[in-house]
Amino acid sequence: MALPRVLLSLSRRSFSTASTTSPMSRLFSNSDYMPNPLEHASGIEKKQLIAELQGNEDPFDVSVVKRGICTKDQPQLVYSTNHERLVGCICEEDSETVVWMWLRQNESKRCACGYWFKLQKREPL
(Lines give C-alpha, C1' and ligand atoms only; values in the text may rest on other atoms or scores of the structure.)
Protein backbone atom coordinates (compact mmCIF):
# COMPACT_ATOMS: atom_id res chain seq x y z
CA MET A 1 0.00 0.00 0.00
CA ALA A 2 2.93 2.37 0.69
CA LEU A 3 4.49 1.83 -2.76
CA PRO A 4 1.63 3.48 -4.72
CA ARG A 5 1.80 6.54 -2.43
CA VAL A 6 5.57 6.87 -2.99
CA LEU A 7 5.17 6.53 -6.76
CA LEU A 8 2.37 9.10 -6.76
CA SER A 9 4.45 11.61 -4.78
CA LEU A 10 7.47 11.08 -7.08
CA SER A 11 5.36 11.61 -10.18
CA ARG A 12 3.92 14.84 -8.77
CA ARG A 13 7.39 16.07 -7.91
CA SER A 14 8.77 15.39 -11.38
CA PHE A 15 5.85 17.13 -13.08
CA SER A 16 6.21 20.22 -10.94
CA THR A 17 9.95 20.63 -11.58
CA ALA A 18 9.65 19.95 -15.31
CA SER A 19 7.14 22.75 -15.82
CA THR A 20 9.31 25.51 -14.36
CA THR A 21 12.00 27.11 -16.46
CA SER A 22 14.81 29.30 -15.26
CA PRO A 23 15.30 32.82 -16.62
CA MET A 24 18.65 31.79 -18.12
CA SER A 25 17.08 28.98 -20.16
CA ARG A 26 14.50 31.41 -21.54
CA LEU A 27 17.26 33.88 -22.40
CA PHE A 28 19.25 31.35 -24.45
CA SER A 29 16.24 29.66 -26.04
CA ASN A 30 15.61 32.74 -28.20
CA SER A 31 17.71 32.73 -31.38
CA ASP A 32 18.12 36.54 -31.19
CA TYR A 33 20.56 36.13 -28.33
CA MET A 34 22.88 33.63 -30.04
CA PRO A 35 26.08 35.29 -31.25
CA ASN A 36 27.12 35.24 -34.88
CA PRO A 37 30.14 32.90 -35.27
CA LEU A 38 31.79 35.35 -37.68
CA GLU A 39 31.82 38.09 -35.02
CA HIS A 40 33.71 35.88 -32.56
CA ALA A 41 36.07 34.10 -34.95
CA SER A 42 39.62 35.26 -35.46
CA GLY A 43 42.69 34.27 -37.44
CA ILE A 44 42.51 31.34 -39.81
CA GLU A 45 38.99 30.38 -38.70
CA LYS A 46 37.69 33.83 -39.69
CA LYS A 47 39.41 33.57 -43.09
CA GLN A 48 37.74 30.20 -43.63
CA LEU A 49 34.27 31.50 -42.69
CA ILE A 50 34.62 34.54 -44.98
CA ALA A 51 35.77 32.35 -47.88
CA GLU A 52 32.82 29.99 -47.36
CA LEU A 53 30.42 32.96 -47.35
CA GLN A 54 31.93 34.03 -50.68
CA GLY A 55 31.17 30.57 -52.11
CA ASN A 56 34.57 28.90 -51.80
CA GLU A 57 33.80 25.61 -50.02
CA ASP A 58 37.47 24.51 -49.98
CA PRO A 59 39.53 27.64 -49.24
CA PHE A 60 42.68 25.72 -48.26
CA ASP A 61 42.61 23.17 -51.13
CA VAL A 62 42.52 20.11 -48.91
CA SER A 63 39.58 18.23 -50.45
CA VAL A 64 40.00 15.04 -52.45
CA VAL A 65 40.31 15.67 -56.19
CA LYS A 66 39.38 13.10 -58.82
CA ARG A 67 42.08 12.59 -61.39
CA GLY A 68 41.52 13.84 -64.89
CA ILE A 69 43.52 12.96 -67.99
CA CYS A 70 46.88 13.21 -66.16
CA THR A 71 49.23 12.96 -69.13
CA LYS A 72 52.65 14.55 -69.42
CA ASP A 73 51.21 17.31 -71.63
CA GLN A 74 48.13 17.82 -69.41
CA PRO A 75 49.08 16.94 -65.81
CA GLN A 76 46.64 17.04 -62.91
CA LEU A 77 47.02 20.49 -61.31
CA VAL A 78 47.46 20.54 -57.54
CA TYR A 79 47.18 23.94 -55.86
CA SER A 80 49.34 25.16 -53.01
CA THR A 81 50.39 28.42 -51.38
CA ASN A 82 53.87 26.99 -50.75
CA HIS A 83 56.61 26.03 -53.19
CA GLU A 84 56.10 22.32 -52.44
CA ARG A 85 53.30 20.02 -51.33
CA LEU A 86 52.86 16.41 -50.29
CA VAL A 87 50.34 14.61 -52.52
CA GLY A 88 48.81 11.16 -52.21
CA CYS A 89 47.73 9.11 -55.22
CA ILE A 90 45.44 6.08 -54.98
CA CYS A 91 46.71 4.33 -58.08
CA GLU A 92 43.96 1.71 -58.45
CA GLU A 93 40.32 2.17 -57.58
CA ASP A 94 40.20 -0.84 -55.24
CA SER A 95 43.59 -0.15 -53.67
CA GLU A 96 43.85 0.40 -49.93
CA THR A 97 47.28 2.02 -50.07
CA VAL A 98 48.24 5.58 -50.93
CA VAL A 99 51.40 6.42 -52.87
CA TRP A 100 52.85 9.64 -51.42
CA MET A 101 55.12 12.02 -53.33
CA TRP A 102 56.43 15.56 -53.00
CA LEU A 103 55.49 18.01 -55.74
CA ARG A 104 57.69 21.04 -56.25
CA GLN A 105 56.87 24.24 -58.09
CA ASN A 106 57.51 24.29 -61.87
CA GLU A 107 58.08 20.50 -61.99
CA SER A 108 55.78 17.82 -63.32
CA LYS A 109 56.04 14.52 -61.50
CA ARG A 110 54.94 11.04 -62.56
CA CYS A 111 53.40 8.62 -60.08
CA ALA A 112 54.22 4.91 -60.14
CA CYS A 113 50.87 4.25 -61.82
CA GLY A 114 51.72 6.55 -64.75
CA TYR A 115 49.64 9.62 -63.87
CA TRP A 116 51.31 13.05 -64.00
CA PHE A 117 50.88 15.83 -61.43
CA LYS A 118 52.02 19.45 -61.36
CA LEU A 119 52.04 22.00 -58.54
CA GLN A 120 50.26 25.25 -59.30
CA LYS A 121 51.10 28.23 -57.07
CA ARG A 122 48.13 30.02 -55.51
CA GLU A 123 48.15 33.19 -53.41
CA PRO A 124 47.17 32.73 -49.77
CA LEU A 125 43.84 34.01 -48.48
# chains A, B, ... in the order shown; residues from 1 in each chain; ligands from 1
$ residues_around --residues "segment 87-90 of chain A" --least-positions-apart "3" --cutoff "10 Å" --atoms "only C-alpha atoms" --output "PyMOL selection string"
chain A and resi 64-67+78+84+93-103+111-113+115+117+119
$ residues_around --residues "Ser80 of chain A" --least-positions-apart "5" --cutoff "9 Å" --atoms "only C-alpha atoms" --output "PyMOL selection string"
chain A and resi 60-61+85+119-124
$ residues_around --residues "Lys118 of chain A" --least-positions-apart "2" --cutoff "8 Å" --atoms "only C-alpha atoms" --output "list in words"
Pro75, Gln76, Leu77, Val78, Leu103, Arg104, Gln105, Asn106, Glu107, Ser108, Lys109, Trp116 and Gln120 of chain A
$ decode --residues "segment 44-70 of chain A" --atoms "N, CA and C atoms" --output "PDB file, in the first residue's frame"
ATOM      1  N   ILE A  44      42.760  32.218 -38.670  1.00  0.00           N
ATOM      2  CA  ILE A  44      42.513  31.342 -39.809  1.00  0.00           C
ATOM      3  C   ILE A  44      41.056  30.886 -39.876  1.00  0.00           C
ATOM      4  N   GLU A  45      40.399  30.765 -38.713  1.00  0.00           N
ATOM      5  CA  GLU A  45      38.991  30.376 -38.699  1.00  0.00           C
ATOM      6  C   GLU A  45      38.135  31.460 -39.348  1.00  0.00           C
ATOM      7  N   LYS A  46      38.445  32.724 -39.091  1.00  0.00           N
ATOM      8  CA  LYS A  46      37.689  33.827 -39.691  1.00  0.00           C
ATOM      9  C   LYS A  46      37.899  33.857 -41.201  1.00  0.00           C
ATOM     10  N   LYS A  47      39.136  33.617 -41.649  1.00  0.00           N
ATOM     11  CA  LYS A  47      39.407  33.565 -43.087  1.00  0.00           C
ATOM     12  C   LYS A  47      38.599  32.457 -43.750  1.00  0.00           C
ATOM     13  N   GLN A  48      38.503  31.316 -43.082  1.00  0.00           N
ATOM     14  CA  GLN A  48      37.737  30.202 -43.626  1.00  0.00           C
ATOM     15  C   GLN A  48      36.257  30.543 -43.709  1.00  0.00           C
ATOM     16  N   LEU A  49      35.690  31.142 -42.678  1.00  0.00           N
ATOM     17  CA  LEU A  49      34.273  31.502 -42.688  1.00  0.00           C
ATOM     18  C   LEU A  49      33.967  32.536 -43.764  1.00  0.00           C
ATOM     19  N   ILE A  50      34.842  33.519 -43.945  1.00  0.00           N
ATOM     20  CA  ILE A  50      34.623  34.536 -44.976  1.00  0.00           C
ATOM     21  C   ILE A  50      34.697  33.905 -46.365  1.00  0.00           C
ATOM     22  N   ALA A  51      35.655  33.023 -46.582  1.00  0.00           N
ATOM     23  CA  ALA A  51      35.771  32.352 -47.878  1.00  0.00           C
ATOM     24  C   ALA A  51      34.543  31.496 -48.167  1.00  0.00           C
ATOM     25  N   GLU A  52      34.015  30.809 -47.156  1.00  0.00           N
ATOM     26  CA  GLU A  52      32.816  29.993 -47.357  1.00  0.00           C
ATOM     27  C   GLU A  52      31.597  30.858 -47.649  1.00  0.00           C
ATOM     28  N   LEU A  53      31.513  32.040 -47.043  1.00  0.00           N
ATOM     29  CA  LEU A  53      30.417  32.960 -47.350  1.00  0.00           C
ATOM     30  C   LEU A  53      30.515  33.482 -48.781  1.00  0.00           C
ATOM     31  N   GLN A  54      31.721  33.585 -49.311  1.00  0.00           N
ATOM     32  CA  GLN A  54      31.926  34.032 -50.682  1.00  0.00           C
ATOM     33  C   GLN A  54      31.721  32.907 -51.692  1.00  0.00           C
ATOM     34  N   GLY A  55      31.458  31.685 -51.220  1.00  0.00           N
ATOM     35  CA  GLY A  55      31.166  30.572 -52.111  1.00  0.00           C
ATOM     36  C   GLY A  55      32.307  29.600 -52.318  1.00  0.00           C
ATOM     37  N   ASN A  56      33.434  29.801 -51.667  1.00  0.00           N
ATOM     38  CA  ASN A  56      34.574  28.895 -51.796  1.00  0.00           C
ATOM     39  C   ASN A  56      34.478  27.847 -50.682  1.00  0.00           C
ATOM     40  N   GLU A  57      34.006  26.654 -51.019  1.00  0.00           N
ATOM     41  CA  GLU A  57      33.801  25.605 -50.021  1.00  0.00           C
ATOM     42  C   GLU A  57      35.111  24.957 -49.560  1.00  0.00           C
ATOM     43  N   ASP A  58      36.181  25.111 -50.324  1.00  0.00           N
ATOM     44  CA  ASP A  58      37.467  24.513 -49.978  1.00  0.00           C
ATOM     45  C   ASP A  58      38.561  25.579 -50.066  1.00  0.00           C
ATOM     46  N   PRO A  59      38.588  26.525 -49.117  1.00  0.00           N
ATOM     47  CA  PRO A  59      39.527  27.641 -49.243  1.00  0.00           C
ATOM     48  C   PRO A  59      40.998  27.252 -49.093  1.00  0.00           C
ATOM     49  N   PHE A  60      41.295  26.124 -48.479  1.00  0.00           N
ATOM     50  CA  PHE A  60      42.682  25.723 -48.263  1.00  0.00           C
ATOM     51  C   PHE A  60      43.111  24.569 -49.169  1.00  0.00           C
ATOM     52  N   ASP A  61      42.300  24.219 -50.150  1.00  0.00           N
ATOM     53  CA  ASP A  61      42.613  23.173 -51.134  1.00  0.00           C
ATOM     54  C   ASP A  61      43.020  21.861 -50.491  1.00  0.00           C
ATOM     55  N   VAL A  62      42.203  21.363 -49.586  1.00  0.00           N
ATOM     56  CA  VAL A  62      42.515  20.107 -48.911  1.00  0.00           C
ATOM     57  C   VAL A  62      41.529  18.993 -49.262  1.00  0.00           C
ATOM     58  N   SER A  63      40.552  19.262 -50.114  1.00  0.00           N
ATOM     59  CA  SER A  63      39.583  18.231 -50.453  1.00  0.00           C
ATOM     60  C   SER A  63      40.174  17.236 -51.458  1.00  0.00           C
ATOM     61  N   VAL A  64      39.565  16.083 -51.530  1.00  0.00           N
ATOM     62  CA  VAL A  64      40.002  15.036 -52.450  1.00  0.00           C
ATOM     63  C   VAL A  64      39.611  15.441 -53.867  1.00  0.00           C
ATOM     64  N   VAL A  65      40.550  15.292 -54.797  1.00  0.00           N
ATOM     65  CA  VAL A  65      40.314  15.669 -56.188  1.00  0.00           C
ATOM     66  C   VAL A  65      40.363  14.413 -57.040  1.00  0.00           C
ATOM     67  N   LYS A  66      39.362  14.231 -57.876  1.00  0.00           N
ATOM     68  CA  LYS A  66      39.375  13.100 -58.815  1.00  0.00           C
ATOM     69  C   LYS A  66      40.355  13.408 -59.931  1.00  0.00           C
ATOM     70  N   ARG A  67      41.107  12.408 -60.329  1.00  0.00           N
ATOM     71  CA  ARG A  67      42.083  12.595 -61.393  1.00  0.00           C
ATOM     72  C   ARG A  67      41.378  12.805 -62.725  1.00  0.00           C
ATOM     73  N   GLY A  68      42.017  13.616 -63.539  1.00  0.00           N
ATOM     74  CA  GLY A  68      41.524  13.844 -64.895  1.00  0.00           C
ATOM     75  C   GLY A  68      42.313  13.012 -65.877  1.00  0.00           C
ATOM     76  N   ILE A  69      42.761  13.656 -66.952  1.00  0.00           N
ATOM     77  CA  ILE A  69      43.519  12.959 -67.993  1.00  0.00           C
ATOM     78  C   ILE A  69      44.898  12.557 -67.470  1.00  0.00           C
ATOM     79  N   CYS A  70      45.591  13.466 -66.828  1.00  0.00           N
ATOM     80  CA  CYS A  70      46.881  13.210 -66.160  1.00  0.00           C
ATOM     81  C   CYS A  70      47.976  12.693 -67.088  1.00  0.00           C
TER      82      CYS A  70
END
